[in-house]
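What's in protein_24.pdb: PDB, C-alpha atoms and all ligand atoms
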```pdb
ATOM      1  CA  MET A  15       7.556 -29.740 -43.754  1.00  0.00           C
ATOM      2  CA  ARG A  16       7.890 -26.935 -41.237  1.00  0.00           C
ATOM      3  CA  ARG A  17      10.472 -24.154 -41.074  1.00  0.00           C
ATOM      4  CA  PHE A  18      12.719 -23.812 -38.050  1.00  0.00           C
ATOM      5  CA  ARG A  19      15.045 -20.830 -37.632  1.00  0.00           C
ATOM      6  CA  ALA A  20      18.251 -21.987 -35.999  1.00  0.00           C
ATOM      7  CA  ASP A  21      21.330 -20.365 -34.517  1.00  0.00           C
ATOM      8  CA  LEU A  22      23.678 -23.243 -33.704  1.00  0.00           C
ATOM      9  CA  HIS A  23      26.669 -21.314 -32.349  1.00  0.00           C
ATOM     10  CA  LEU A  24      26.124 -19.431 -29.076  1.00  0.00           C
ATOM     11  CA  HIS A  25      28.417 -18.819 -26.113  1.00  0.00           C
ATOM     12  CA  SER A  26      27.275 -18.476 -22.499  1.00  0.00           C
ATOM     13  CA  VAL A  27      28.832 -17.053 -19.328  1.00  0.00           C
ATOM     14  CA  LEU A  28      30.896 -20.233 -19.250  1.00  0.00           C
ATOM     15  CA  SER A  29      33.064 -19.067 -22.166  1.00  0.00           C
ATOM     16  CA  PRO A  30      35.846 -16.813 -20.897  1.00  0.00           C
ATOM     17  CA  CYS A  31      35.413 -14.410 -23.828  1.00  0.00           C
ATOM     18  CA  ALA A  32      31.604 -14.176 -23.582  1.00  0.00           C
ATOM     19  CA  ASP A  33      29.773 -11.394 -21.787  1.00  0.00           C
ATOM     20  CA  LEU A  34      28.601 -12.090 -18.228  1.00  0.00           C
ATOM     21  CA  ALA A  35      25.146 -11.093 -19.473  1.00  0.00           C
ATOM     22  CA  MET A  36      24.997 -14.383 -21.435  1.00  0.00           C
ATOM     23  CA  SER A  37      23.086 -16.145 -18.661  1.00  0.00           C
ATOM     24  CA  PRO A  38      20.627 -18.955 -19.433  1.00  0.00           C
ATOM     25  CA  ASP A  39      17.571 -16.711 -18.965  1.00  0.00           C
ATOM     26  CA  GLN A  40      19.034 -13.903 -21.099  1.00  0.00           C
ATOM     27  CA  ILE A  41      20.030 -16.315 -23.884  1.00  0.00           C
ATOM     28  CA  LEU A  42      16.490 -17.705 -23.985  1.00  0.00           C
ATOM     29  CA  ALA A  43      14.885 -14.242 -23.816  1.00  0.00           C
ATOM     30  CA  SER A  44      17.029 -13.018 -26.713  1.00  0.00           C
ATOM     31  CA  ALA A  45      16.388 -16.210 -28.701  1.00  0.00           C
ATOM     32  CA  LYS A  46      12.662 -15.728 -28.249  1.00  0.00           C
ATOM     33  CA  GLU A  47      12.834 -12.055 -29.202  1.00  0.00           C
ATOM     34  CA  ARG A  48      14.736 -12.989 -32.378  1.00  0.00           C
ATOM     35  CA  LYS A  49      12.152 -15.686 -33.178  1.00  0.00           C
ATOM     36  CA  LEU A  50      14.576 -18.568 -33.081  1.00  0.00           C
ATOM     37  CA  ASP A  51      13.169 -22.094 -32.881  1.00  0.00           C
ATOM     38  CA  ILE A  52      16.414 -23.998 -32.358  1.00  0.00           C
ATOM     39  CA  ILE A  53      19.622 -22.918 -30.626  1.00  0.00           C
ATOM     40  CA  ALA A  54      22.789 -24.740 -29.611  1.00  0.00           C
ATOM     41  CA  ILE A  55      24.884 -23.838 -26.579  1.00  0.00           C
ATOM     42  CA  THR A  56      28.462 -24.094 -27.786  1.00  0.00           C
ATOM     43  CA  ASP A  57      30.922 -22.884 -25.165  1.00  0.00           C
ATOM     44  CA  HIS A  58      34.642 -23.265 -25.693  1.00  0.00           C
ATOM     45  CA  ASN A  59      35.770 -26.759 -24.698  1.00  0.00           C
ATOM     46  CA  SER A  60      32.885 -27.345 -22.293  1.00  0.00           C
ATOM     47  CA  THR A  61      29.314 -28.622 -22.357  1.00  0.00           C
ATOM     48  CA  LYS A  62      28.595 -27.800 -18.740  1.00  0.00           C
ATOM     49  CA  GLN A  63      26.106 -24.960 -19.266  1.00  0.00           C
ATOM     50  CA  CYS A  64      23.839 -26.911 -21.626  1.00  0.00           C
ATOM     51  CA  ASN A  65      21.656 -28.716 -19.081  1.00  0.00           C
ATOM     52  CA  VAL A  66      20.310 -25.636 -17.341  1.00  0.00           C
ATOM     53  CA  VAL A  67      19.479 -23.867 -20.597  1.00  0.00           C
ATOM     54  CA  ARG A  68      17.767 -26.993 -21.913  1.00  0.00           C
ATOM     55  CA  GLU A  69      15.697 -27.421 -18.764  1.00  0.00           C
ATOM     56  CA  MET A  70      14.626 -23.783 -18.795  1.00  0.00           C
ATOM     57  CA  ALA A  71      13.794 -23.875 -22.516  1.00  0.00           C
ATOM     58  CA  ALA A  72      11.429 -26.821 -22.222  1.00  0.00           C
ATOM     59  CA  LYS A  73       8.473 -24.590 -21.267  1.00  0.00           C
ATOM     60  CA  GLN A  74       9.352 -21.865 -23.759  1.00  0.00           C
ATOM     61  CA  HIS A  75       9.050 -23.806 -27.012  1.00  0.00           C
ATOM     62  CA  ILE A  76      12.689 -23.329 -27.916  1.00  0.00           C
ATOM     63  CA  ILE A  77      14.729 -26.386 -28.784  1.00  0.00           C
ATOM     64  CA  VAL A  78      18.177 -26.295 -27.199  1.00  0.00           C
ATOM     65  CA  LEU A  79      20.853 -28.632 -28.483  1.00  0.00           C
ATOM     66  CA  ASN A  80      23.676 -29.840 -26.266  1.00  0.00           C
ATOM     67  CA  GLY A  81      26.944 -28.704 -27.713  1.00  0.00           C
ATOM     68  CA  CYS A  82      30.339 -27.127 -27.431  1.00  0.00           C
ATOM     69  CA  GLU A  83      32.941 -25.481 -29.629  1.00  0.00           C
ATOM     70  CA  VAL A  84      36.070 -27.557 -29.343  1.00  0.00           C
ATOM     71  CA  ASN A  85      39.535 -26.259 -30.044  1.00  0.00           C
ATOM     72  CA  SER A  86      41.655 -29.083 -31.453  1.00  0.00           C
ATOM     73  CA  GLN A  87      45.365 -29.711 -31.159  1.00  0.00           C
ATOM     74  CA  GLU A  88      45.747 -27.928 -34.523  1.00  0.00           C
ATOM     75  CA  GLU A  89      43.861 -24.921 -33.041  1.00  0.00           C
ATOM     76  CA  VAL A  90      40.848 -25.522 -35.278  1.00  0.00           C
ATOM     77  CA  HIS A  91      37.454 -24.625 -33.791  1.00  0.00           C
ATOM     78  CA  ALA A  92      34.552 -27.009 -34.453  1.00  0.00           C
ATOM     79  CA  LEU A  93      30.964 -27.256 -33.236  1.00  0.00           C
ATOM     80  CA  CYS A  94      30.064 -30.607 -31.656  1.00  0.00           C
ATOM     81  CA  LEU A  95      26.382 -31.335 -31.000  1.00  0.00           C
ATOM     82  CA  PHE A  96      24.868 -34.187 -28.990  1.00  0.00           C
ATOM     83  CA  GLU A  97      21.418 -35.693 -28.863  1.00  0.00           C
ATOM     84  CA  ASP A  98      21.064 -36.369 -25.150  1.00  0.00           C
ATOM     85  CA  ASP A  99      22.603 -35.872 -21.742  1.00  0.00           C
ATOM     86  CA  HIS A 100      24.295 -39.253 -21.745  1.00  0.00           C
ATOM     87  CA  THR A 101      26.340 -38.572 -24.887  1.00  0.00           C
ATOM     88  CA  ARG A 102      26.992 -35.012 -23.726  1.00  0.00           C
ATOM     89  CA  ASP A 103      28.407 -36.433 -20.474  1.00  0.00           C
ATOM     90  CA  GLU A 104      30.561 -38.921 -22.363  1.00  0.00           C
ATOM     91  CA  PHE A 105      31.963 -36.119 -24.497  1.00  0.00           C
ATOM     92  CA  GLN A 106      32.563 -33.943 -21.426  1.00  0.00           C
ATOM     93  CA  GLN A 107      34.733 -36.736 -20.025  1.00  0.00           C
ATOM     94  CA  PHE A 108      36.660 -36.809 -23.299  1.00  0.00           C
ATOM     95  CA  ILE A 109      37.261 -33.038 -23.029  1.00  0.00           C
ATOM     96  CA  ASP A 110      38.337 -33.393 -19.389  1.00  0.00           C
ATOM     97  CA  GLN A 111      40.867 -35.989 -20.472  1.00  0.00           C
ATOM     98  CA  TYR A 112      42.460 -33.795 -23.164  1.00  0.00           C
ATOM     99  CA  LEU A 113      42.154 -30.212 -21.884  1.00  0.00           C
ATOM    100  CA  PRO A 114      45.568 -29.020 -20.632  1.00  0.00           C
ATOM    101  CA  HIS A 115      45.484 -27.991 -16.992  1.00  0.00           C
ATOM    102  CA  ILE A 116      46.624 -24.407 -17.457  1.00  0.00           C
ATOM    103  CA  PRO A 117      45.017 -22.126 -14.872  1.00  0.00           C
ATOM    104  CA  ASN A 118      42.598 -19.465 -16.081  1.00  0.00           C
ATOM    105  CA  HIS A 119      43.296 -15.838 -15.170  1.00  0.00           C
ATOM    106  CA  PRO A 120      39.798 -14.345 -14.983  1.00  0.00           C
ATOM    107  CA  ASN A 121      41.034 -10.746 -14.948  1.00  0.00           C
ATOM    108  CA  TYR A 122      42.850 -11.339 -18.205  1.00  0.00           C
ATOM    109  CA  PHE A 123      40.820 -13.978 -20.082  1.00  0.00           C
ATOM    110  CA  GLY A 124      37.429 -13.571 -18.399  1.00  0.00           C
ATOM    111  CA  TYR A 125      35.332 -15.631 -16.009  1.00  0.00           C
ATOM    112  CA  GLN A 126      34.338 -19.251 -16.754  1.00  0.00           C
ATOM    113  CA  LEU A 127      31.137 -19.763 -14.792  1.00  0.00           C
ATOM    114  CA  VAL A 128      28.505 -22.474 -14.733  1.00  0.00           C
ATOM    115  CA  VAL A 129      25.337 -20.901 -13.336  1.00  0.00           C
ATOM    116  CA  ASN A 130      21.946 -22.263 -12.297  1.00  0.00           C
ATOM    117  CA  ARG A 131      18.538 -21.023 -13.451  1.00  0.00           C
ATOM    118  CA  ASN A 132      18.698 -18.175 -10.911  1.00  0.00           C
ATOM    119  CA  ASN A 133      22.135 -17.113 -12.121  1.00  0.00           C
ATOM    120  CA  MET A 134      23.812 -18.361  -8.964  1.00  0.00           C
ATOM    121  CA  ILE A 135      27.321 -19.663  -9.601  1.00  0.00           C
ATOM    122  CA  ARG A 136      27.445 -23.454  -9.370  1.00  0.00           C
ATOM    123  CA  GLU A 137      30.988 -23.946 -10.557  1.00  0.00           C
ATOM    124  CA  GLU A 138      33.968 -21.949 -11.747  1.00  0.00           C
ATOM    125  CA  ILE A 139      36.200 -23.842 -14.166  1.00  0.00           C
ATOM    126  CA  PRO A 140      39.820 -23.423 -12.998  1.00  0.00           C
ATOM    127  CA  TRP A 141      41.486 -24.428 -16.292  1.00  0.00           C
ATOM    128  CA  TYR A 142      41.522 -21.982 -19.188  1.00  0.00           C
ATOM    129  CA  LEU A 143      38.945 -23.226 -21.705  1.00  0.00           C
ATOM    130  CA  GLY A 144      40.448 -21.441 -24.707  1.00  0.00           C
ATOM    131  CA  ASN A 145      43.419 -23.776 -25.116  1.00  0.00           C
ATOM    132  CA  GLY A 146      43.663 -26.493 -27.748  1.00  0.00           C
ATOM    133  CA  LEU A 147      42.759 -29.990 -26.575  1.00  0.00           C
ATOM    134  CA  GLN A 148      45.675 -32.412 -26.756  1.00  0.00           C
ATOM    135  CA  VAL A 149      43.976 -34.463 -29.452  1.00  0.00           C
ATOM    136  CA  SER A 150      43.676 -34.084 -33.213  1.00  0.00           C
ATOM    137  CA  LEU A 151      40.676 -32.703 -35.078  1.00  0.00           C
ATOM    138  CA  GLU A 152      40.196 -36.032 -36.853  1.00  0.00           C
ATOM    139  CA  LYS A 153      40.096 -37.967 -33.566  1.00  0.00           C
ATOM    140  CA  ILE A 154      37.604 -35.478 -32.140  1.00  0.00           C
ATOM    141  CA  ALA A 155      35.361 -35.847 -35.214  1.00  0.00           C
ATOM    142  CA  ASP A 156      35.559 -39.635 -34.964  1.00  0.00           C
ATOM    143  CA  TYR A 157      34.613 -39.610 -31.290  1.00  0.00           C
ATOM    144  CA  VAL A 158      31.710 -37.192 -31.857  1.00  0.00           C
ATOM    145  CA  HIS A 159      30.341 -39.560 -34.508  1.00  0.00           C
ATOM    146  CA  GLN A 160      30.919 -42.584 -32.281  1.00  0.00           C
ATOM    147  CA  LEU A 161      28.563 -40.821 -29.849  1.00  0.00           C
ATOM    148  CA  ASN A 162      26.092 -40.274 -32.719  1.00  0.00           C
ATOM    149  CA  GLY A 163      26.802 -36.543 -32.597  1.00  0.00           C
ATOM    150  CA  ILE A 164      27.087 -33.838 -35.243  1.00  0.00           C
ATOM    151  CA  PHE A 165      30.440 -32.303 -36.150  1.00  0.00           C
ATOM    152  CA  ILE A 166      30.678 -28.907 -37.911  1.00  0.00           C
ATOM    153  CA  PRO A 167      33.980 -27.027 -38.309  1.00  0.00           C
ATOM    154  CA  ALA A 168      33.293 -23.446 -37.168  1.00  0.00           C
ATOM    155  CA  HIS A 169      33.700 -20.076 -38.940  1.00  0.00           C
ATOM    156  CA  ILE A 170      35.735 -21.630 -41.772  1.00  0.00           C
ATOM    157  CA  ASP A 171      36.212 -18.232 -43.444  1.00  0.00           C
ATOM    158  CA  ARG A 172      38.119 -16.754 -40.494  1.00  0.00           C
ATOM    159  CA  PRO A 173      41.880 -16.098 -40.703  1.00  0.00           C
ATOM    160  CA  ILE A 174      42.504 -17.774 -37.336  1.00  0.00           C
ATOM    161  CA  ASN A 175      41.227 -20.925 -35.592  1.00  0.00           C
ATOM    162  CA  SER A 176      39.526 -22.209 -38.716  1.00  0.00           C
ATOM    163  CA  LEU A 177      39.907 -25.379 -40.738  1.00  0.00           C
ATOM    164  CA  PHE A 178      41.397 -23.551 -43.694  1.00  0.00           C
ATOM    165  CA  SER A 179      43.605 -21.162 -41.696  1.00  0.00           C
ATOM    166  CA  GLN A 180      45.140 -24.008 -39.696  1.00  0.00           C
ATOM    167  CA  LEU A 181      45.165 -26.957 -42.119  1.00  0.00           C
ATOM    168  CA  GLY A 182      44.834 -25.191 -45.458  1.00  0.00           C
ATOM    169  CA  PHE A 183      42.369 -27.738 -46.818  1.00  0.00           C
ATOM    170  CA  LEU A 184      39.528 -30.083 -45.889  1.00  0.00           C
ATOM    171  CA  PRO A 185      41.139 -33.503 -45.266  1.00  0.00           C
ATOM    172  CA  LYS A 186      39.365 -36.406 -46.994  1.00  0.00           C
ATOM    173  CA  GLU A 187      39.459 -38.493 -43.805  1.00  0.00           C
ATOM    174  CA  LEU A 188      37.713 -35.809 -41.742  1.00  0.00           C
ATOM    175  CA  LYS A 189      34.065 -36.741 -41.261  1.00  0.00           C
ATOM    176  CA  ILE A 190      31.976 -33.580 -41.212  1.00  0.00           C
ATOM    177  CA  ASP A 191      28.216 -33.007 -41.195  1.00  0.00           C
ATOM    178  CA  ALA A 192      28.417 -29.429 -42.514  1.00  0.00           C
ATOM    179  CA  LEU A 193      30.651 -26.347 -42.387  1.00  0.00           C
ATOM    180  CA  GLN A 194      29.775 -23.109 -40.588  1.00  0.00           C
ATOM    181  CA  ILE A 195      30.513 -19.694 -42.056  1.00  0.00           C
ATOM    182  CA  SER A 196      30.540 -16.347 -40.238  1.00  0.00           C
ATOM    183  CA  LYS A 197      27.840 -13.728 -40.118  1.00  0.00           C
ATOM    184  CA  HIS A 198      29.220 -11.484 -42.883  1.00  0.00           C
ATOM    185  CA  ALA A 199      30.609 -14.236 -45.127  1.00  0.00           C
ATOM    186  CA  ASP A 200      29.139 -14.797 -48.582  1.00  0.00           C
ATOM    187  CA  GLU A 201      28.294 -18.454 -49.227  1.00  0.00           C
ATOM    188  CA  MET A 202      29.104 -18.444 -52.942  1.00  0.00           C
ATOM    189  CA  ALA A 203      32.372 -16.574 -52.474  1.00  0.00           C
ATOM    190  CA  ILE A 204      33.461 -18.988 -49.731  1.00  0.00           C
ATOM    191  CA  ARG A 205      32.530 -22.045 -51.802  1.00  0.00           C
ATOM    192  CA  LYS A 206      34.628 -20.709 -54.653  1.00  0.00           C
ATOM    193  CA  LYS A 207      37.574 -19.587 -52.533  1.00  0.00           C
ATOM    194  CA  PHE A 208      37.975 -22.926 -50.752  1.00  0.00           C
ATOM    195  CA  ASP A 209      36.683 -25.104 -53.599  1.00  0.00           C
ATOM    196  CA  ILE A 210      33.972 -26.680 -51.416  1.00  0.00           C
ATOM    197  CA  HIS A 211      32.093 -29.572 -53.007  1.00  0.00           C
ATOM    198  CA  PRO A 212      28.422 -28.757 -53.743  1.00  0.00           C
ATOM    199  CA  ASP A 213      27.319 -31.781 -51.678  1.00  0.00           C
ATOM    200  CA  ILE A 214      28.716 -30.197 -48.511  1.00  0.00           C
ATOM    201  CA  THR A 215      26.184 -28.010 -46.683  1.00  0.00           C
ATOM    202  CA  LEU A 216      27.192 -24.611 -45.375  1.00  0.00           C
ATOM    203  CA  ILE A 217      25.301 -23.115 -42.443  1.00  0.00           C
ATOM    204  CA  LYS A 218      25.452 -19.681 -40.895  1.00  0.00           C
ATOM    205  CA  ALA A 219      25.393 -18.974 -37.179  1.00  0.00           C
ATOM    206  CA  SER A 220      26.011 -15.903 -35.068  1.00  0.00           C
ATOM    207  CA  ASP A 221      28.842 -17.086 -32.773  1.00  0.00           C
ATOM    208  CA  ALA A 222      27.217 -14.713 -30.287  1.00  0.00           C
ATOM    209  CA  HIS A 223      29.226 -13.645 -27.263  1.00  0.00           C
ATOM    210  CA  TYR A 224      26.746 -10.845 -26.374  1.00  0.00           C
ATOM    211  CA  PRO A 225      22.931 -11.032 -26.072  1.00  0.00           C
ATOM    212  CA  GLU A 226      22.375  -8.553 -28.915  1.00  0.00           C
ATOM    213  CA  ASP A 227      24.264 -10.831 -31.333  1.00  0.00           C
ATOM    214  CA  ILE A 228      21.994 -13.850 -30.790  1.00  0.00           C
ATOM    215  CA  GLY A 229      20.155 -14.710 -33.986  1.00  0.00           C
ATOM    216  CA  THR A 230      21.976 -12.144 -36.130  1.00  0.00           C
ATOM    217  CA  ALA A 231      23.025 -15.009 -38.441  1.00  0.00           C
ATOM    218  CA  CYS A 232      20.721 -17.984 -38.917  1.00  0.00           C
ATOM    219  CA  SER A 233      20.044 -21.086 -40.924  1.00  0.00           C
ATOM    220  CA  VAL A 234      16.541 -22.261 -41.767  1.00  0.00           C
ATOM    221  CA  PHE A 235      15.767 -25.970 -41.436  1.00  0.00           C
ATOM    222  CA  GLU A 236      12.894 -27.663 -43.274  1.00  0.00           C
ATOM    223  CA  LEU A 237      11.829 -30.569 -41.052  1.00  0.00           C
ATOM    224  CA  ILE A 238       8.729 -32.564 -40.212  1.00  0.00           C
ATOM    225  CA  ASN A 239       9.690 -32.730 -36.542  1.00  0.00           C
ATOM    226  CA  PRO A 240      12.622 -30.892 -34.969  1.00  0.00           C
ATOM    227  CA  THR A 241      14.436 -34.028 -33.805  1.00  0.00           C
ATOM    228  CA  PHE A 242      18.186 -34.463 -33.674  1.00  0.00           C
ATOM    229  CA  GLU A 243      17.980 -37.115 -36.384  1.00  0.00           C
ATOM    230  CA  GLU A 244      16.033 -34.851 -38.735  1.00  0.00           C
ATOM    231  CA  ILE A 245      18.512 -32.023 -38.109  1.00  0.00           C
ATOM    232  CA  ARG A 246      21.287 -34.420 -39.140  1.00  0.00           C
ATOM    233  CA  TRP A 247      19.324 -35.452 -42.256  1.00  0.00           C
ATOM    234  CA  ALA A 248      18.834 -31.787 -43.147  1.00  0.00           C
ATOM    235  CA  LEU A 249      22.559 -31.098 -42.855  1.00  0.00           C
ATOM    236  CA  HIS A 250      23.102 -33.955 -45.319  1.00  0.00           C
ATOM    237  CA  GLN A 251      20.079 -32.911 -47.454  1.00  0.00           C
ATOM    238  CA  GLN A 252      18.584 -36.394 -46.959  1.00  0.00           C
ATOM    239  CA  HIS A 253      15.025 -37.792 -46.733  1.00  0.00           C
ATOM    240  CA  GLY A 254      13.493 -34.569 -48.035  1.00  0.00           C
ATOM    241  CA  ARG A 255      14.891 -32.522 -45.135  1.00  0.00           C
ATOM    242  CA  SER A 256      17.006 -29.496 -45.916  1.00  0.00           C
ATOM    243  CA  VAL A 257      18.715 -26.461 -44.478  1.00  0.00           C
ATOM    244  CA  LYS A 258      19.588 -23.145 -46.077  1.00  0.00           C
ATOM    245  CA  ILE A 259      21.369 -20.037 -44.899  1.00  0.00           C
ATOM    246  CA  GLU A 260      18.811 -17.353 -44.153  1.00  0.00           C
ATOM    247  CA  ALA A 261      19.009 -14.557 -46.714  1.00  0.00           C
TER     248      ALA A 261
HETATM  249 ZN    ZN B 301      35.586 -20.050 -32.601  1.00  0.00          ZN
HETATM  250 ZN    ZN B 302      32.432 -19.450 -31.014  1.00  0.00          ZN
END
```
In structure tokens, how does this file's structure come out?
Amino acid sequence: MRRFRADLHLHSVLSPCADLAMSPDQILASAKERKLDIIAITDHNSTKQCNVVREMAAKQHIIVLNGCEVNSQEEVHALCLFEDDHTRDEFQQFIDQYLPHIPNHPNYFGYQLVVNRNNMIREEIPWYLGNGLQVSLEKIADYVHQLNGIFIPAHIDRPINSLFSQLGFLPKELKIDALQISKHADEMAIRKKFDIHPDITLIKASDAHYPEDIGTACSVFELINPTFEEIRWALHQQHGRSVKIEA
């Protein structure tokens, strides 16, 4: 088994609330500086910045997972991760179908930019990406799994936009692969507070919106090879793979 330090919750320039410094090259430079092996690009309600970061990372020995942080109809945030570009595309179409067409106001909410490897703007998303999709959390989780993806409710300890703040409990029908807690949260305290079953894995991630926050909260995976399947096994503590919050 080998150890892989992972930060699976990062925002790029595409997220309205993220710093414009969160360009693909800066994200990768910061990830390298912080000695991360695996990162996931998880912009609000969009997967459109993943490809460029993945392409650029290929030569830098950093594994970049396709992802996004969805906001459900119930205003719950959840990380959705995908193995390849095909399933990422399929999920992007799902988002496009359910994102309300409410115009973004860049001066108020921030810019929503897809950039290329040279930081040239390729696209500006006109619809505000912070809104809830018009589809339930359970349906989102089901669709992510239909696409063989990974579904992780985000920052579950937060007083807003979290599973417990919005729903009050973890529904039995909701298929999850793990739960993510925030940088300063204490795993044991959170497990106790929300009565989380010991079989459910908790991970930590930075939820970075600024370069200096990248890698400030990590999880350490024990894998033979850093494949998507092994990452899933680790989240479920299967086949000898495992993941732990970095102390
Ligand atoms: Zn969030
Ligand atoms: Zn986030």
Skip Tyr224 (chain A) itself and residues of its chain fewer than 6 positions away, then list as an mmCIF file with C-alpha atoms, in the coordinates of the input all residues within 10 Å of it, counting all atoms listed in the file.
```
data_model
loop_
_atom_site.group_PDB
_atom_site.id
_atom_site.type_symbol
_atom_site.label_atom_id
_atom_site.label_comp_id
_atom_site.auth_asym_id
_atom_site.auth_seq_id
_atom_site.Cartn_x
_atom_site.Cartn_y
_atom_site.Cartn_z
ATOM 1 C CA LEU A 24 26.124 -19.431 -29.076
ATOM 2 C CA HIS A 25 28.417 -18.819 -26.113
ATOM 3 C CA SER A 26 27.275 -18.476 -22.499
ATOM 4 C CA VAL A 27 28.832 -17.053 -19.328
ATOM 5 C CA CYS A 31 35.413 -14.410 -23.828
ATOM 6 C CA ALA A 32 31.604 -14.176 -23.582
ATOM 7 C CA ASP A 33 29.773 -11.394 -21.787
ATOM 8 C CA LEU A 34 28.601 -12.090 -18.228
ATOM 9 C CA ALA A 35 25.146 -11.093 -19.473
ATOM 10 C CA MET A 36 24.997 -14.383 -21.435
ATOM 11 C CA GLN A 40 19.034 -13.903 -21.099
ATOM 12 C CA ILE A 41 20.030 -16.315 -23.884
ATOM 13 C CA SER A 44 17.029 -13.018 -26.713
#
```
Using only C-alpha atoms and all ligand atoms, tabulate the residues of chain A lying at most 9 Å from any atom of ligand ZN 302 (chain B), each with its closest atom pair and that distance in Å to one decimal, by chain and increasing residue number, as a tab-separated table.
```
residue	atom	partner	partner_atom	distance
A:His23	CA	B:ZN302	ZN	6.2
A:Leu24	CA	B:ZN302	ZN	6.6
A:His25	CA	B:ZN302	ZN	6.4
A:Ser29	CA	B:ZN302	ZN	8.9
A:Thr56	CA	B:ZN302	ZN	6.9
A:Asp57	CA	B:ZN302	ZN	6.9
A:His58	CA	B:ZN302	ZN	6.9
A:Cys82	CA	B:ZN302	ZN	8.7
A:Glu83	CA	B:ZN302	ZN	6.2
A:His91	CA	B:ZN302	ZN	7.7
A:Ala92	CA	B:ZN302	ZN	8.6
A:Leu93	CA	B:ZN302	ZN	8.2
A:Ala168	CA	B:ZN302	ZN	7.4
A:His169	CA	B:ZN302	ZN	8.1
A:Ser220	CA	B:ZN302	ZN	8.4
A:Asp221	CA	B:ZN302	ZN	4.6
A:Ala222	CA	B:ZN302	ZN	7.1
A:His223	CA	B:ZN302	ZN	7.6
```
Which protein, DNA or RNA residues are at most 7 Å from (36.7, -27.3, -26.7) in the file's coordinates when you count all atoms listed in the file, listed as a compact mmCIF listing (two decimals) with C-alpha atoms, in the frame of the given file?
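Here's the written file part.txt:
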```
# COMPACT_ATOMS: atom_id res chain seq x y z
CA HIS A 58 34.64 -23.26 -25.69
CA ASN A 59 35.77 -26.76 -24.70
CA SER A 60 32.88 -27.34 -22.29
CA CYS A 82 30.34 -27.13 -27.43
CA GLU A 83 32.94 -25.48 -29.63
CA VAL A 84 36.07 -27.56 -29.34
CA ASN A 85 39.53 -26.26 -30.04
CA ILE A 109 37.26 -33.04 -23.03
CA LEU A 143 38.94 -23.23 -21.70
CA LEU A 147 42.76 -29.99 -26.58
```
Practice prompt. Might you spell out which residues the PyMOL selection byres (((chain A and resi 105) around 10) and not hetatm) would select in the displayed file, as a list in words?
Written response: Ser60, Thr61, Gly81, Cys82, Cys94, Leu95, Phe96, Asp99, His100, Thr101, Arg102, Asp103, Glu104, Gln106, Gln107, Phe108, Ile109, Asp110, Gln111, Ile154, Tyr157, Val158, Leu161 and Gly163 of chain A
Written file, previous selection with C-alpha atoms, as a PDB file, in the frame of the given file:
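Wrote it out as selection-v2.pdb, contents follow:
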```
ATOM      1  CA  SER A  60      32.885 -27.345 -22.293  1.00  0.00           C
ATOM      2  CA  THR A  61      29.314 -28.622 -22.357  1.00  0.00           C
ATOM      3  CA  GLY A  81      26.944 -28.704 -27.713  1.00  0.00           C
ATOM      4  CA  CYS A  82      30.339 -27.127 -27.431  1.00  0.00           C
ATOM      5  CA  CYS A  94      30.064 -30.607 -31.656  1.00  0.00           C
ATOM      6  CA  LEU A  95      26.382 -31.335 -31.000  1.00  0.00           C
ATOM      7  CA  PHE A  96      24.868 -34.187 -28.990  1.00  0.00           C
ATOM      8  CA  ASP A  99      22.603 -35.872 -21.742  1.00  0.00           C
ATOM      9  CA  HIS A 100      24.295 -39.253 -21.745  1.00  0.00           C
ATOM     10  CA  THR A 101      26.340 -38.572 -24.887  1.00  0.00           C
ATOM     11  CA  ARG A 102      26.992 -35.012 -23.726  1.00  0.00           C
ATOM     12  CA  ASP A 103      28.407 -36.433 -20.474  1.00  0.00           C
ATOM     13  CA  GLU A 104      30.561 -38.921 -22.363  1.00  0.00           C
ATOM     14  CA  GLN A 106      32.563 -33.943 -21.426  1.00  0.00           C
ATOM     15  CA  GLN A 107      34.733 -36.736 -20.025  1.00  0.00           C
ATOM     16  CA  PHE A 108      36.660 -36.809 -23.299  1.00  0.00           C
ATOM     17  CA  ILE A 109      37.261 -33.038 -23.029  1.00  0.00           C
ATOM     18  CA  ASP A 110      38.337 -33.393 -19.389  1.00  0.00           C
ATOM     19  CA  GLN A 111      40.867 -35.989 -20.472  1.00  0.00           C
ATOM     20  CA  ILE A 154      37.604 -35.478 -32.140  1.00  0.00           C
ATOM     21  CA  TYR A 157      34.613 -39.610 -31.290  1.00  0.00           C
ATOM     22  CA  VAL A 158      31.710 -37.192 -31.857  1.00  0.00           C
ATOM     23  CA  LEU A 161      28.563 -40.821 -29.849  1.00  0.00           C
ATOM     24  CA  GLY A 163      26.802 -36.543 -32.597  1.00  0.00           C
TER      25      GLY A 163
END
```
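By only C-alpha atoms, and with residues fewer than 5 positions from Ile52 (chain A) along its chain excluded, the set lying at most 10 Å from it is A:Phe18, A:Arg19, A:Ala20, A:Asp21, A:Leu22, A:Ala45, A:Lys46, A:His75, A:Ile76, A:Ile77, A:Val78, A:Leu79, A:Cys232, A:Ser233, A:Val234, A:Phe235, A:Pro240.
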Worksheet item: Using all atoms listed in the file, which of A:Gln148, A:Asn130, A:Asn118, A:Ser86 sits nearest ligand ZN 301 (chain B)?
Response: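 Smallest distance to ligand ZN 301 (chain B) is found for A:Ser86.
The shortest atom-to-atom distance to Ala192 (chain A), with only C-alpha atoms taken into account, belongs to A:Ile259 out of A:Leu127, A:Met134, A:Ile228, A:Ile259.
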Worksheet item: Taking into account only C-alpha atoms, which residue in the set A:Gly124, A:Asp171, A:Glu152, A:Gly144 is nearest to Pro185 (chain A)?
Response: A:Glu152
Fill in: From A:Ser196, A:Asn162, A:Gln180, A:Thr230, residue lying nearest Arg246 (chain A) [all atoms listed in the file]
A:Asn162
Shell around Glu243 (chain A) at 9 Å using all atoms listed in the file, local window under 4 positions removed, as a compact mmCIF listing (two decimals) with C-alpha atoms, in the frame of the given file:
```txt
# COMPACT_ATOMS: atom_id res chain seq x y z
CA GLU A 97 21.42 -35.69 -28.86
CA TRP A 247 19.32 -35.45 -42.26
CA ALA A 248 18.83 -31.79 -43.15
```
